[in-house]
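Structure file structure_32.json with JSON, C-alpha atoms and all ligand atoms:
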[["chain", "number", "residue", "atom", "x", "y", "z"],
["O", 1, "MET", "CA", 30.75, -4.57, 5.90],
["O", 2, "SER", "CA", 30.57, -2.05, 8.71],
["O", 3, "GLY", "CA", 30.22, 1.71, 8.84],
["O", 4, "ILE", "CA", 28.06, 3.95, 6.70],
["O", 5, "ASP", "CA", 30.41, 5.14, 3.95],
["O", 6, "GLY", "CA", 29.49, 3.45, 0.66],
["O", 7, "LYS", "CA", 26.21, 1.92, 1.83],
["O", 8, "VAL", "CA", 23.06, 2.37, -0.24],
["O", 9, "VAL", "CA", 20.09, 3.40, 1.88],
["O", 10, "ALA", "CA", 16.48, 3.93, 0.75],
["O", 11, "ILE", "CA", 14.34, 6.04, 3.07],
["O", 12, "THR", "CA", 10.55, 6.44, 2.99],
["O", 13, "GLY", "CA", 9.05, 9.63, 4.37],
["O", 14, "ALA", "CA", 12.24, 11.45, 3.40],
["O", 15, "SER", "CA", 10.51, 14.74, 2.56],
["O", 16, "SER", "CA", 10.46, 16.07, 6.14],
["O", 17, "GLY", "CA", 11.24, 15.48, 9.81],
["O", 18, "ILE", "CA", 13.06, 12.31, 10.82],
["O", 19, "GLY", "CA", 13.34, 10.95, 7.26],
["O", 20, "GLU", "CA", 14.91, 14.16, 5.96],
["O", 21, "ALA", "CA", 17.31, 14.37, 8.92],
["O", 22, "THR", "CA", 18.28, 10.73, 8.39],
["O", 23, "ALA", "CA", 19.02, 11.34, 4.72],
["O", 24, "LEU", "CA", 21.26, 14.28, 5.61],
["O", 25, "GLU", "CA", 23.06, 12.37, 8.38],
["O", 26, "LEU", "CA", 23.70, 9.27, 6.26],
["O", 27, "ALA", "CA", 24.59, 11.13, 3.06],
["O", 28, "GLY", "CA", 26.95, 13.31, 5.07],
["O", 29, "ARG", "CA", 28.68, 10.14, 6.21],
["O", 30, "GLY", "CA", 29.12, 8.76, 2.71],
["O", 31, "ALA", "CA", 25.96, 6.74, 2.07],
["O", 32, "ALA", "CA", 24.14, 6.94, -1.26],
["O", 33, "VAL", "CA", 20.53, 7.76, -0.38],
["O", 34, "VAL", "CA", 17.36, 7.03, -2.30],
["O", 35, "LEU", "CA", 14.66, 9.37, -1.11],
["O", 36, "GLY", "CA", 10.99, 8.35, -1.21],
["O", 37, "ALA", "CA", 7.87, 10.39, -0.38],
["O", 38, "ARG", "CA", 4.85, 11.90, -2.14],
["O", 39, "ARG", "CA", 6.05, 15.54, -2.01],
["O", 40, "THR", "CA", 8.69, 15.29, -4.72],
["O", 41, "ASP", "CA", 9.27, 19.06, -4.72],
["O", 42, "ARG", "CA", 10.70, 18.69, -1.23],
["O", 43, "LEU", "CA", 12.73, 15.64, -2.25],
["O", 44, "GLU", "CA", 14.23, 17.60, -5.16],
["O", 45, "VAL", "CA", 15.39, 20.34, -2.78],
["O", 46, "LEU", "CA", 16.83, 17.80, -0.34],
["O", 47, "ALA", "CA", 18.62, 15.84, -3.07],
["O", 48, "GLY", "CA", 20.03, 19.11, -4.43],
["O", 49, "ARG", "CA", 21.36, 20.02, -1.01],
["O", 50, "ILE", "CA", 22.98, 16.60, -0.57],
["O", 51, "ARG", "CA", 24.58, 16.73, -4.04],
["O", 52, "ALA", "CA", 25.81, 20.28, -3.46],
["O", 53, "ASP", "CA", 27.61, 18.95, -0.37],
["O", 54, "GLY", "CA", 29.27, 16.25, -2.48],
["O", 55, "GLY", "CA", 26.85, 13.45, -1.57],
["O", 56, "ARG", "CA", 24.88, 10.98, -3.69],
["O", 57, "ALA", "CA", 21.08, 11.12, -3.78],
["O", 58, "GLN", "CA", 18.27, 9.96, -6.03],
["O", 59, "ILE", "CA", 14.58, 10.68, -5.58],
["O", 60, "VAL", "CA", 11.58, 8.43, -6.26],
["O", 61, "ALA", "CA", 7.94, 9.52, -5.98],
["O", 62, "THR", "CA", 6.67, 7.06, -3.40],
["O", 63, "ASP", "CA", 3.27, 6.55, -1.84],
["O", 64, "VAL", "CA", 3.86, 3.69, 0.59],
["O", 65, "THR", "CA", 0.24, 2.56, 0.31],
["O", 66, "ARG", "CA", 1.08, 1.46, -3.24],
["O", 67, "ARG", "CA", 3.00, -1.77, -3.51],
["O", 68, "ALA", "CA", 4.40, -0.86, -6.94],
["O", 69, "ASP", "CA", 5.90, 2.37, -5.56],
["O", 70, "LEU", "CA", 7.99, 0.45, -3.03],
["O", 71, "ARG", "CA", 9.13, -1.97, -5.73],
["O", 72, "ARG", "CA", 10.21, 1.06, -7.78],
["O", 73, "LEU", "CA", 12.04, 2.64, -4.82],
["O", 74, "VAL", "CA", 14.07, -0.54, -4.34],
["O", 75, "ALA", "CA", 14.60, -1.00, -8.08],
["O", 76, "VAL", "CA", 15.92, 2.56, -8.46],
["O", 77, "ALA", "CA", 18.41, 1.96, -5.63],
["O", 78, "VAL", "CA", 19.71, -1.16, -7.37],
["O", 79, "GLU", "CA", 19.71, 0.39, -10.87],
["O", 80, "THR", "CA", 21.39, 3.62, -9.76],
["O", 81, "PHE", "CA", 23.78, 2.51, -7.04],
["O", 82, "GLY", "CA", 24.17, -1.24, -7.69],
["O", 83, "ARG", "CA", 22.46, -2.62, -4.57],
["O", 84, "LEU", "CA", 20.37, -1.82, -1.51],
["O", 85, "ASP", "CA", 22.00, -2.19, 1.88],
["O", 86, "VAL", "CA", 19.33, -0.63, 4.11],
["O", 87, "LEU", "CA", 15.64, 0.23, 3.84],
["O", 88, "VAL", "CA", 14.50, 2.79, 6.41],
["O", 89, "SER", "CA", 10.70, 2.38, 6.53],
["O", 90, "ASN", "CA", 9.93, 5.67, 8.17],
["O", 91, "ALA", "CA", 6.82, 7.14, 6.46],
["O", 92, "GLY", "CA", 3.98, 7.55, 8.92],
["O", 93, "ILE", "CA", 1.04, 9.63, 10.04],
["O", 94, "ALA", "CA", -0.50, 10.17, 13.45],
["O", 95, "ARG", "CA", -4.20, 10.81, 13.92],
["O", 96, "THR", "CA", -5.29, 10.99, 17.50],
["O", 97, "ALA", "CA", -8.78, 10.59, 18.94],
["O", 98, "PRO", "CA", -10.46, 8.32, 21.47],
["O", 99, "VAL", "CA", -11.39, 4.98, 19.93],
["O", 100, "SER", "CA", -15.02, 5.67, 20.89],
["O", 101, "ASP", "CA", -15.08, 8.58, 18.38],
["O", 102, "LEU", "CA", -15.13, 5.83, 15.74],
["O", 103, "ASP", "CA", -13.02, 7.80, 13.28],
["O", 104, "VAL", "CA", -12.79, 4.83, 10.96],
["O", 105, "ASP", "CA", -11.27, 6.78, 8.06],
["O", 106, "SER", "CA", -8.32, 7.78, 10.26],
["O", 107, "TRP", "CA", -7.92, 4.18, 11.42],
["O", 108, "ASP", "CA", -7.78, 3.05, 7.79],
["O", 109, "ALA", "CA", -5.30, 5.77, 6.84],
["O", 110, "MET", "CA", -2.95, 4.89, 9.71],
["O", 111, "ILE", "CA", -3.16, 1.16, 9.00],
["O", 112, "ASP", "CA", -2.56, 1.76, 5.29],
["O", 113, "ILE", "CA", 0.48, 4.02, 5.76],
["O", 114, "ASN", "CA", 2.02, 2.91, 9.05],
["O", 115, "VAL", "CA", 1.50, -0.86, 8.70],
["O", 116, "ARG", "CA", 0.74, -1.76, 5.10],
["O", 117, "GLY", "CA", 3.40, 0.73, 3.99],
["O", 118, "VAL", "CA", 6.05, -1.12, 6.00],
["O", 119, "LEU", "CA", 4.83, -4.50, 4.70],
["O", 120, "HIS", "CA", 5.12, -3.21, 1.15],
["O", 121, "GLY", "CA", 8.70, -2.19, 1.89],
["O", 122, "ILE", "CA", 9.49, -5.62, 3.30],
["O", 123, "ALA", "CA", 7.95, -7.33, 0.26],
["O", 124, "ALA", "CA", 10.04, -5.18, -2.08],
["O", 125, "ALA", "CA", 13.36, -5.28, -0.22],
["O", 126, "LEU", "CA", 13.57, -8.79, 1.19],
["O", 127, "PRO", "CA", 14.14, -10.60, -2.14],
["O", 128, "VAL", "CA", 16.98, -8.15, -2.92],
["O", 129, "PHE", "CA", 18.51, -8.63, 0.54],
["O", 130, "ARG", "CA", 18.34, -12.42, 0.12],
["O", 131, "GLN", "CA", 19.91, -12.27, -3.32],
["O", 132, "GLN", "CA", 22.74, -10.05, -2.02],
["O", 133, "GLY", "CA", 23.17, -12.22, 1.09],
["O", 134, "ARG", "CA", 22.84, -9.13, 3.25],
["O", 135, "GLY", "CA", 20.36, -6.39, 4.15],
["O", 136, "HIS", "CA", 19.05, -4.23, 6.96],
["O", 137, "LEU", "CA", 15.50, -3.16, 7.67],
["O", 138, "VAL", "CA", 15.03, -0.14, 9.96],
["O", 139, "THR", "CA", 11.59, 1.09, 11.03],
["O", 140, "THR", "CA", 10.45, 4.16, 12.95],
["O", 141, "VAL", "CA", 7.99, 2.95, 15.56],
["O", 142, "SER", "CA", 7.20, 5.05, 18.65],
["O", 143, "THR", "CA", 7.24, 5.40, 22.41],
["O", 144, "SER", "CA", 3.45, 5.74, 21.93],
["O", 145, "GLY", "CA", 3.50, 1.98, 21.64],
["O", 146, "LEU", "CA", 5.33, 1.62, 24.96],
["O", 147, "LYS", "CA", 3.21, 4.00, 27.07],
["O", 148, "ILE", "CA", -0.29, 4.11, 25.64],
["O", 149, "ALA", "CA", -2.17, 7.43, 25.76],
["O", 150, "PRO", "CA", -5.97, 7.24, 25.51],
["O", 151, "THR", "CA", -6.19, 9.24, 22.26],
["O", 152, "GLN", "CA", -3.42, 7.30, 20.58],
["O", 153, "ALA", "CA", -4.71, 3.74, 20.72],
["O", 154, "VAL", "CA", -4.86, 3.10, 16.98],
["O", 155, "TYR", "CA", -1.63, 4.98, 16.23],
["O", 156, "ALA", "CA", 0.13, 3.05, 19.00],
["O", 157, "GLY", "CA", -1.43, -0.16, 17.69],
["O", 158, "THR", "CA", 0.01, 0.42, 14.22],
["O", 159, "LYS", "CA", 3.45, 1.08, 15.68],
["O", 160, "ASN", "CA", 3.28, -2.03, 17.88],
["O", 161, "ALA", "CA", 2.14, -4.07, 14.88],
["O", 162, "VAL", "CA", 5.35, -3.05, 13.13],
["O", 163, "ARG", "CA", 7.43, -3.81, 16.24],
["O", 164, "THR", "CA", 5.89, -7.30, 16.33],
["O", 165, "LEU", "CA", 6.48, -7.77, 12.64],
["O", 166, "LEU", "CA", 10.17, -6.94, 12.91],
["O", 167, "GLU", "CA", 10.69, -9.20, 15.92],
["O", 168, "ALA", "CA", 9.06, -12.07, 14.02],
["O", 169, "LEU", "CA", 11.22, -11.37, 10.97],
["O", 170, "ARG", "CA", 14.28, -11.32, 13.20],
["O", 171, "GLN", "CA", 13.43, -14.74, 14.59],
["O", 172, "GLU", "CA", 12.80, -16.08, 11.08],
["O", 173, "SER", "CA", 16.11, -14.78, 9.81],
["O", 174, "THR", "CA", 18.85, -16.43, 11.81],
["O", 175, "ASP", "CA", 20.92, -17.19, 8.70],
["O", 176, "GLY", "CA", 22.74, -13.88, 9.15],
["O", 177, "VAL", "CA", 21.29, -12.25, 6.03],
["O", 178, "LEU", "CA", 18.87, -9.79, 7.59],
["O", 179, "ARG", "CA", 19.33, -7.24, 10.36],
["O", 180, "THR", "CA", 16.20, -5.60, 11.79],
["O", 181, "THR", "CA", 16.01, -2.45, 13.91],
["O", 182, "SER", "CA", 12.98, -0.77, 15.48],
["O", 183, "ILE", "CA", 13.67, 2.82, 16.52],
["O", 184, "SER", "CA", 11.19, 4.19, 19.09],
["O", 185, "PRO", "CA", 11.30, 7.98, 19.19],
["O", 186, "GLY", "CA", 9.50, 10.00, 21.82],
["O", 187, "PHE", "CA", 8.52, 13.60, 21.11],
["O", 188, "VAL", "CA", 10.46, 14.89, 18.11],
["O", 189, "ARG", "CA", 9.96, 18.38, 16.62],
["O", 190, "THR", "CA", 8.56, 17.60, 13.16],
["O", 191, "GLU", "CA", 5.45, 18.18, 11.08],
["O", 192, "LEU", "CA", 3.87, 14.96, 12.35],
["O", 193, "VAL", "CA", 1.30, 16.82, 14.46],
["O", 194, "ASP", "CA", -0.06, 18.43, 11.27],
["O", 195, "SER", "CA", -1.75, 15.11, 10.46],
["O", 196, "VAL", "CA", -3.73, 15.21, 13.73],
["O", 197, "GLU", "CA", -7.24, 16.12, 12.62],
["O", 198, "ASP", "CA", -8.85, 17.27, 15.88],
["O", 199, "PRO", "CA", -7.84, 20.98, 16.14],
["O", 200, "GLU", "CA", -7.85, 20.96, 19.95],
["O", 201, "ILE", "CA", -5.63, 17.88, 20.25],
["O", 202, "ARG", "CA", -3.43, 19.19, 17.41],
["O", 203, "GLU", "CA", -2.80, 22.45, 19.29],
["O", 204, "GLN", "CA", -2.10, 20.59, 22.54],
["O", 205, "MET", "CA", 0.39, 18.37, 20.74],
["O", 206, "ARG", "CA", 2.01, 21.34, 18.98],
["O", 207, "ARG", "CA", 2.60, 22.98, 22.35],
["O", 208, "ARG", "CA", 4.04, 19.77, 23.77],
["O", 209, "MET", "CA", 6.30, 19.29, 20.78],
["O", 210, "ALA", "CA", 7.56, 22.88, 21.06],
["O", 211, "GLU", "CA", 8.19, 22.52, 24.81],
["O", 212, "LEU", "CA", 9.57, 19.01, 24.88],
["O", 213, "GLY", "CA", 10.45, 17.80, 21.41],
["O", 214, "ILE", "CA", 14.00, 16.89, 20.47],
["O", 215, "ASP", "CA", 15.61, 17.66, 17.13],
["O", 216, "PRO", "CA", 15.01, 15.03, 14.41],
["O", 217, "ALA", "CA", 18.79, 14.94, 13.94],
["O", 218, "ALA", "CA", 18.98, 13.08, 17.28],
["O", 219, "VAL", "CA", 16.84, 10.26, 15.86],
["O", 220, "ALA", "CA", 18.91, 10.32, 12.67],
["O", 221, "ARG", "CA", 22.04, 9.72, 14.75],
["O", 222, "ALA", "CA", 20.34, 6.75, 16.46],
["O", 223, "ILE", "CA", 19.47, 5.30, 13.05],
["O", 224, "ALA", "CA", 23.05, 5.86, 11.90],
["O", 225, "PHE", "CA", 24.32, 4.07, 15.03],
["O", 226, "ALA", "CA", 22.26, 0.98, 14.16],
["O", 227, "ILE", "CA", 23.41, 1.04, 10.54],
["O", 228, "GLU", "CA", 27.12, 1.53, 11.25],
["O", 229, "GLN", "CA", 27.48, -1.65, 13.31],
["O", 230, "PRO", "CA", 29.37, -4.56, 11.76],
["O", 231, "ASP", "CA", 27.19, -7.06, 9.88],
["O", 232, "ASP", "CA", 27.24, -9.53, 12.76],
["O", 233, "VAL", "CA", 25.89, -6.97, 15.23],
["O", 234, "GLU", "CA", 22.17, -6.18, 15.24],
["O", 235, "ILE", "CA", 20.73, -3.27, 17.20],
["O", 236, "GLY", "CA", 17.21, -4.63, 17.66],
["O", 237, "ASP", "CA", 15.41, -1.88, 19.56],
["O", 238, "LEU", "CA", 16.43, 1.67, 20.35],
["O", 239, "THR", "CA", 14.35, 4.14, 22.33],
["O", 240, "ILE", "CA", 15.23, 7.80, 22.02],
["O", 241, "ARG", "CA", 13.15, 10.39, 23.81],
["O", 242, "PRO", "CA", 13.49, 13.83, 25.42],
["O", 243, "THR", "CA", 15.09, 13.54, 28.84],
["O", 244, "SER", "CA", 12.06, 15.24, 30.40],
["O", 245, "GLN", "CA", 9.38, 13.15, 28.64],
["O", 246, "GLY", "CA", 7.22, 11.26, 31.14],
["O", 301, "LIG", "P1", 6.75, 14.16, 9.39],
["O", 301, "LIG", "O1", 5.29, 14.47, 9.25],
["O", 301, "LIG", "O2", 7.72, 15.28, 9.32],
["O", 301, "LIG", "O3", 7.18, 13.08, 8.31],
["O", 301, "LIG", "C1", 6.31, 12.08, 7.87],
["O", 301, "LIG", "C2", 6.82, 11.60, 6.54],
["O", 301, "LIG", "O4", 5.99, 10.52, 6.10],
["O", 301, "LIG", "C3", 6.79, 12.67, 5.47],
["O", 301, "LIG", "O5", 8.00, 12.66, 4.77],
["O", 301, "LIG", "C4", 5.65, 12.23, 4.56],
["O", 301, "LIG", "O6", 5.96, 12.55, 3.20],
["O", 301, "LIG", "C5", 5.68, 10.72, 4.75],
["O", 301, "LIG", "N1", 4.42, 10.09, 4.38],
["O", 301, "LIG", "C6", 3.20, 10.25, 4.93],
["O", 301, "LIG", "N2", 2.30, 9.52, 4.25],
["O", 301, "LIG", "C7", 2.97, 8.89, 3.26],
["O", 301, "LIG", "C8", 2.61, 8.00, 2.21],
["O", 301, "LIG", "N3", 1.35, 7.59, 2.02],
["O", 301, "LIG", "N4", 3.58, 7.56, 1.37],
["O", 301, "LIG", "C9", 4.86, 7.97, 1.52],
["O", 301, "LIG", "N5", 5.27, 8.81, 2.49],
["O", 301, "LIG", "C10", 4.32, 9.26, 3.33],
["O", 301, "LIG", "O7", 6.87, 13.40, 10.76],
["O", 301, "LIG", "P2", 8.07, 12.60, 11.46],
["O", 301, "LIG", "O8", 9.33, 12.85, 10.78],
["O", 301, "LIG", "O9", 7.93, 12.88, 12.88],
["O", 301, "LIG", "O10", 7.59, 11.10, 11.22],
["O", 301, "LIG", "C11", 8.43, 10.06, 10.73],
["O", 301, "LIG", "C12", 8.08, 8.77, 11.42],
["O", 301, "LIG", "O11", 8.45, 8.88, 12.79],
["O", 301, "LIG", "C13", 6.60, 8.41, 11.38],
["O", 301, "LIG", "O12", 6.46, 7.04, 11.12],
["O", 301, "LIG", "C14", 6.15, 8.75, 12.79],
["O", 301, "LIG", "O13", 5.04, 7.97, 13.17],
["O", 301, "LIG", "C15", 7.39, 8.41, 13.59],
["O", 301, "LIG", "N6", 7.47, 9.01, 14.91],
["O", 301, "LIG", "C16", 7.49, 10.39, 15.06],
["O", 301, "LIG", "C17", 7.53, 10.95, 16.33],
["O", 301, "LIG", "C18", 7.51, 12.42, 16.57],
["O", 301, "LIG", "O14", 7.35, 12.84, 17.73],
["O", 301, "LIG", "N7", 7.67, 13.26, 15.57],
["O", 301, "LIG", "C19", 7.56, 10.09, 17.52],
["O", 301, "LIG", "C20", 7.58, 8.68, 17.24],
["O", 301, "LIG", "C21", 7.53, 8.19, 15.99],
["O", 301, "LIG", "P3", 4.92, 13.01, 2.07],
["O", 301, "LIG", "O15", 3.79, 13.69, 2.76],
["O", 301, "LIG", "O16", 5.74, 13.93, 1.22],
["O", 301, "LIG", "O17", 4.54, 11.76, 1.36]]
What does this structure look like when you write it as structure tokens?
Amino acid sequence: MSGIDGKVVAITGASSGIGEATALELAGRGAAVVLGARRTDRLEVLAGRIRADGGRAQIVATDVTRRADLRRLVAVAVETFGRLDVLVSNAGIARTAPVSDLDVDSWDAMIDINVRGVLHGIAAALPVFRQQGRGHLVTTVSTSGLKIAPTQAVYAGTKNAVRTLLEALRQESTDGVLRTTSISPGFVRTELVDSVEDPEIREQMRRRMAELGIDPAAVARAIAFAIEQPDDVEIGDLTIRPTSQG
């Protein structure tokens, strides 16, 4: 199966930014989308917009730190649309501070959402993929993991943990059932900076995002490119950043 039309795609972190743009891109190209996030009011609006445009969308209240929520997200995809072709594990937060600030609560939050959240998705989706004989796992990692900034060590670490995880899964899965894709965006204009707690760093990042950031739709198109390949073609890693990002 190649292309996007007719595929069933579940997306975490679909209530804003890259996840929302991905839902719109894929639904616009004929995918049935299952939208997961905590802010269900936003998901309702997004699903309404997709349906009004003739697309198929279902929402599921999803906190990725809860294993059962990911199981439900996958189950709703299968119950509503008959299967799950792709899980886009995109939910994430960024909290930036030097490691020496010892902001342990932020470390825990990033590990819980950015790493454990992806693992919960894998645990929920993999059995379905195996049963179907086919499946695709897409994750949103980051260029932060490729060029490490001093205040982003833990964030970058969580993203590189996911990159490692997907590469290991890829090597484990040479039977042709599973495709894995790690998308590494650079600066993208989204609400991500809102989760930065330090007001000074948050303002700096807001300015940088406004100056440099690319539209989340650009990342959505990269995700669509990975998904639309024929089953025997795996786009493993894709980096997409503003042309002027250093
Ligand atoms: P946004 O803040 O716009 O989106 C983050 C999404 O994650 C929201 O939909 C939010 O939904 C969801 N989320 C956060 N915590 C949880 C949780 N516990 N359970 C479920 N969903 C959760 O930022 P982006 O769109 O930019 O971020 C998307 C991904 O892209 C993240 O993984 C981020 O790290 C990554 N990324 C972003 C870059 C950028 O420059 N913007 C660069 C590189 C990577 P809700 O609050 O409703 O639950």
Mind listing the residues within 7 Å of ligand LIG 301 (chain O), all atoms listed in the file counted, as a ChimeraX atom specification?
-> /O:12-19,36-40,62-65,90-94,113-114,140-144,184-194,213
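Straight-line separation from CA of Asp237 (chain O) to CA of Ser182 (chain O): 4.9 Å.
Using all atoms listed in the file for every distance, the candidate list O:Gly157, O:Gly236, O:Pro199, O:Gly246 yields O:Gly236 as the residue closest to Leu169 (chain O).
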Protein, DNA and RNA residues within 12 Å of (24.9, 4.0, 17.7), only C-alpha atoms, as a count of residues only = 25
Of the listed residues O:Asp5, O:Asp85, O:Asp69, O:Glu200, that which approaches Arg134 (chain O) most closely, counting only C-alpha atoms = O:Asp85
Please identify all polymer residues within 10 Å of Ile59 (chain O), counting only C-alpha atoms, omitting same-chain residues fewer than 6 positions from it, and present them as a PDB file with C-alpha atoms, keeping the file's coordinate frame.
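Written out: out39.pdb:
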ATOM      1  CA  ALA O  10      16.480   3.930   0.750  1.00  0.00           C
ATOM      2  CA  ILE O  11      14.340   6.040   3.070  1.00  0.00           C
ATOM      3  CA  ALA O  14      12.240  11.450   3.400  1.00  0.00           C
ATOM      4  CA  SER O  15      10.510  14.740   2.560  1.00  0.00           C
ATOM      5  CA  VAL O  33      20.530   7.760  -0.380  1.00  0.00           C
ATOM      6  CA  VAL O  34      17.360   7.030  -2.300  1.00  0.00           C
ATOM      7  CA  LEU O  35      14.660   9.370  -1.110  1.00  0.00           C
ATOM      8  CA  GLY O  36      10.990   8.350  -1.210  1.00  0.00           C
ATOM      9  CA  ALA O  37       7.870  10.390  -0.380  1.00  0.00           C
ATOM     10  CA  THR O  40       8.690  15.290  -4.720  1.00  0.00           C
ATOM     11  CA  ASP O  41       9.270  19.060  -4.720  1.00  0.00           C
ATOM     12  CA  ARG O  42      10.700  18.690  -1.230  1.00  0.00           C
ATOM     13  CA  LEU O  43      12.730  15.640  -2.250  1.00  0.00           C
ATOM     14  CA  GLU O  44      14.230  17.600  -5.160  1.00  0.00           C
ATOM     15  CA  LEU O  46      16.830  17.800  -0.340  1.00  0.00           C
ATOM     16  CA  ALA O  47      18.620  15.840  -3.070  1.00  0.00           C
ATOM     17  CA  LEU O  73      12.040   2.640  -4.820  1.00  0.00           C
ATOM     18  CA  VAL O  76      15.920   2.560  -8.460  1.00  0.00           C
ATOM     19  CA  ALA O  77      18.410   1.960  -5.630  1.00  0.00           C
TER      20      ALA O  77
END
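With all atoms listed in the file as the atoms that count, the minimum distance from Val78 (chain O) to the choices O:Asp232, O:Ala125, O:Gly30, O:Gln152 is reached by O:Ala125.
Rounded to one decimal, CA of Pro150 (chain O) and CA of Val162 (chain O) lie 19.7 Å from each other.
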Could you add the missing atoms to region 224-230 of chain O, up to all heavy atoms, and return them as a PDB file, keeping the file's coordinate frame?
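Here's the written file selection_38.pdb:
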ATOM      1  N   ALA O 224      21.683   6.043  12.414  1.00  0.00           N
ATOM      2  CA  ALA O 224      23.050   5.860  11.900  1.00  0.00           C
ATOM      3  C   ALA O 224      23.829   4.880  12.793  1.00  0.00           C
ATOM      4  O   ALA O 224      24.588   4.042  12.287  1.00  0.00           O
ATOM      5  CB  ALA O 224      23.769   7.214  11.835  1.00  0.00           C
ATOM      6  N   PHE O 225      23.628   4.968  14.087  1.00  0.00           N
ATOM      7  CA  PHE O 225      24.320   4.070  15.030  1.00  0.00           C
ATOM      8  C   PHE O 225      23.965   2.607  14.729  1.00  0.00           C
ATOM      9  O   PHE O 225      24.846   1.733  14.720  1.00  0.00           O
ATOM     10  CB  PHE O 225      23.925   4.431  16.474  1.00  0.00           C
ATOM     11  CG  PHE O 225      24.417   3.473  17.518  1.00  0.00           C
ATOM     12  CD1 PHE O 225      25.760   3.432  17.867  1.00  0.00           C
ATOM     13  CD2 PHE O 225      23.536   2.599  18.143  1.00  0.00           C
ATOM     14  CE1 PHE O 225      26.217   2.532  18.822  1.00  0.00           C
ATOM     15  CE2 PHE O 225      23.983   1.702  19.103  1.00  0.00           C
ATOM     16  CZ  PHE O 225      25.327   1.666  19.445  1.00  0.00           C
ATOM     17  N   ALA O 226      22.675   2.363  14.467  1.00  0.00           N
ATOM     18  CA  ALA O 226      22.260   0.980  14.160  1.00  0.00           C
ATOM     19  C   ALA O 226      22.874   0.510  12.843  1.00  0.00           C
ATOM     20  O   ALA O 226      23.315  -0.632  12.716  1.00  0.00           O
ATOM     21  CB  ALA O 226      20.732   0.897  14.097  1.00  0.00           C
ATOM     22  N   ILE O 227      22.913   1.420  11.867  1.00  0.00           N
ATOM     23  CA  ILE O 227      23.410   1.040  10.540  1.00  0.00           C
ATOM     24  C   ILE O 227      24.922   0.805  10.531  1.00  0.00           C
ATOM     25  O   ILE O 227      25.434  -0.080   9.841  1.00  0.00           O
ATOM     26  CB  ILE O 227      23.025   2.119   9.493  1.00  0.00           C
ATOM     27  CG1 ILE O 227      21.502   2.155   9.311  1.00  0.00           C
ATOM     28  CG2 ILE O 227      23.724   1.882   8.154  1.00  0.00           C
ATOM     29  CD1 ILE O 227      20.999   3.271   8.409  1.00  0.00           C
ATOM     30  N   GLU O 228      25.651   1.585  11.341  1.00  0.00           N
ATOM     31  CA  GLU O 228      27.120   1.530  11.250  1.00  0.00           C
ATOM     32  C   GLU O 228      27.741   0.313  11.932  1.00  0.00           C
ATOM     33  O   GLU O 228      28.935   0.074  11.788  1.00  0.00           O
ATOM     34  CB  GLU O 228      27.731   2.813  11.806  1.00  0.00           C
ATOM     35  CG  GLU O 228      27.715   2.910  13.310  1.00  0.00           C
ATOM     36  CD  GLU O 228      28.197   4.274  13.802  1.00  0.00           C
ATOM     37  OE1 GLU O 228      28.772   5.035  13.011  1.00  0.00           O
ATOM     38  OE2 GLU O 228      27.980   4.566  14.980  1.00  0.00           O
ATOM     39  N   GLN O 229      26.922  -0.471  12.638  1.00  0.00           N
ATOM     40  CA  GLN O 229      27.480  -1.650  13.310  1.00  0.00           C
ATOM     41  C   GLN O 229      27.968  -2.677  12.295  1.00  0.00           C
ATOM     42  O   GLN O 229      27.443  -2.747  11.184  1.00  0.00           O
ATOM     43  CB  GLN O 229      26.406  -2.301  14.199  1.00  0.00           C
ATOM     44  CG  GLN O 229      25.833  -1.389  15.278  1.00  0.00           C
ATOM     45  CD  GLN O 229      26.905  -0.808  16.186  1.00  0.00           C
ATOM     46  OE1 GLN O 229      27.785  -1.537  16.644  1.00  0.00           O
ATOM     47  NE2 GLN O 229      26.837   0.491  16.422  1.00  0.00           N
ATOM     48  N   PRO O 230      28.943  -3.482  12.666  1.00  0.00           N
ATOM     49  CA  PRO O 230      29.370  -4.560  11.760  1.00  0.00           C
ATOM     50  C   PRO O 230      28.200  -5.503  11.451  1.00  0.00           C
ATOM     51  O   PRO O 230      27.250  -5.574  12.223  1.00  0.00           O
ATOM     52  CB  PRO O 230      30.451  -5.293  12.551  1.00  0.00           C
ATOM     53  CG  PRO O 230      30.787  -4.431  13.716  1.00  0.00           C
ATOM     54  CD  PRO O 230      29.685  -3.457  13.926  1.00  0.00           C
TER      55      PRO O 230
END
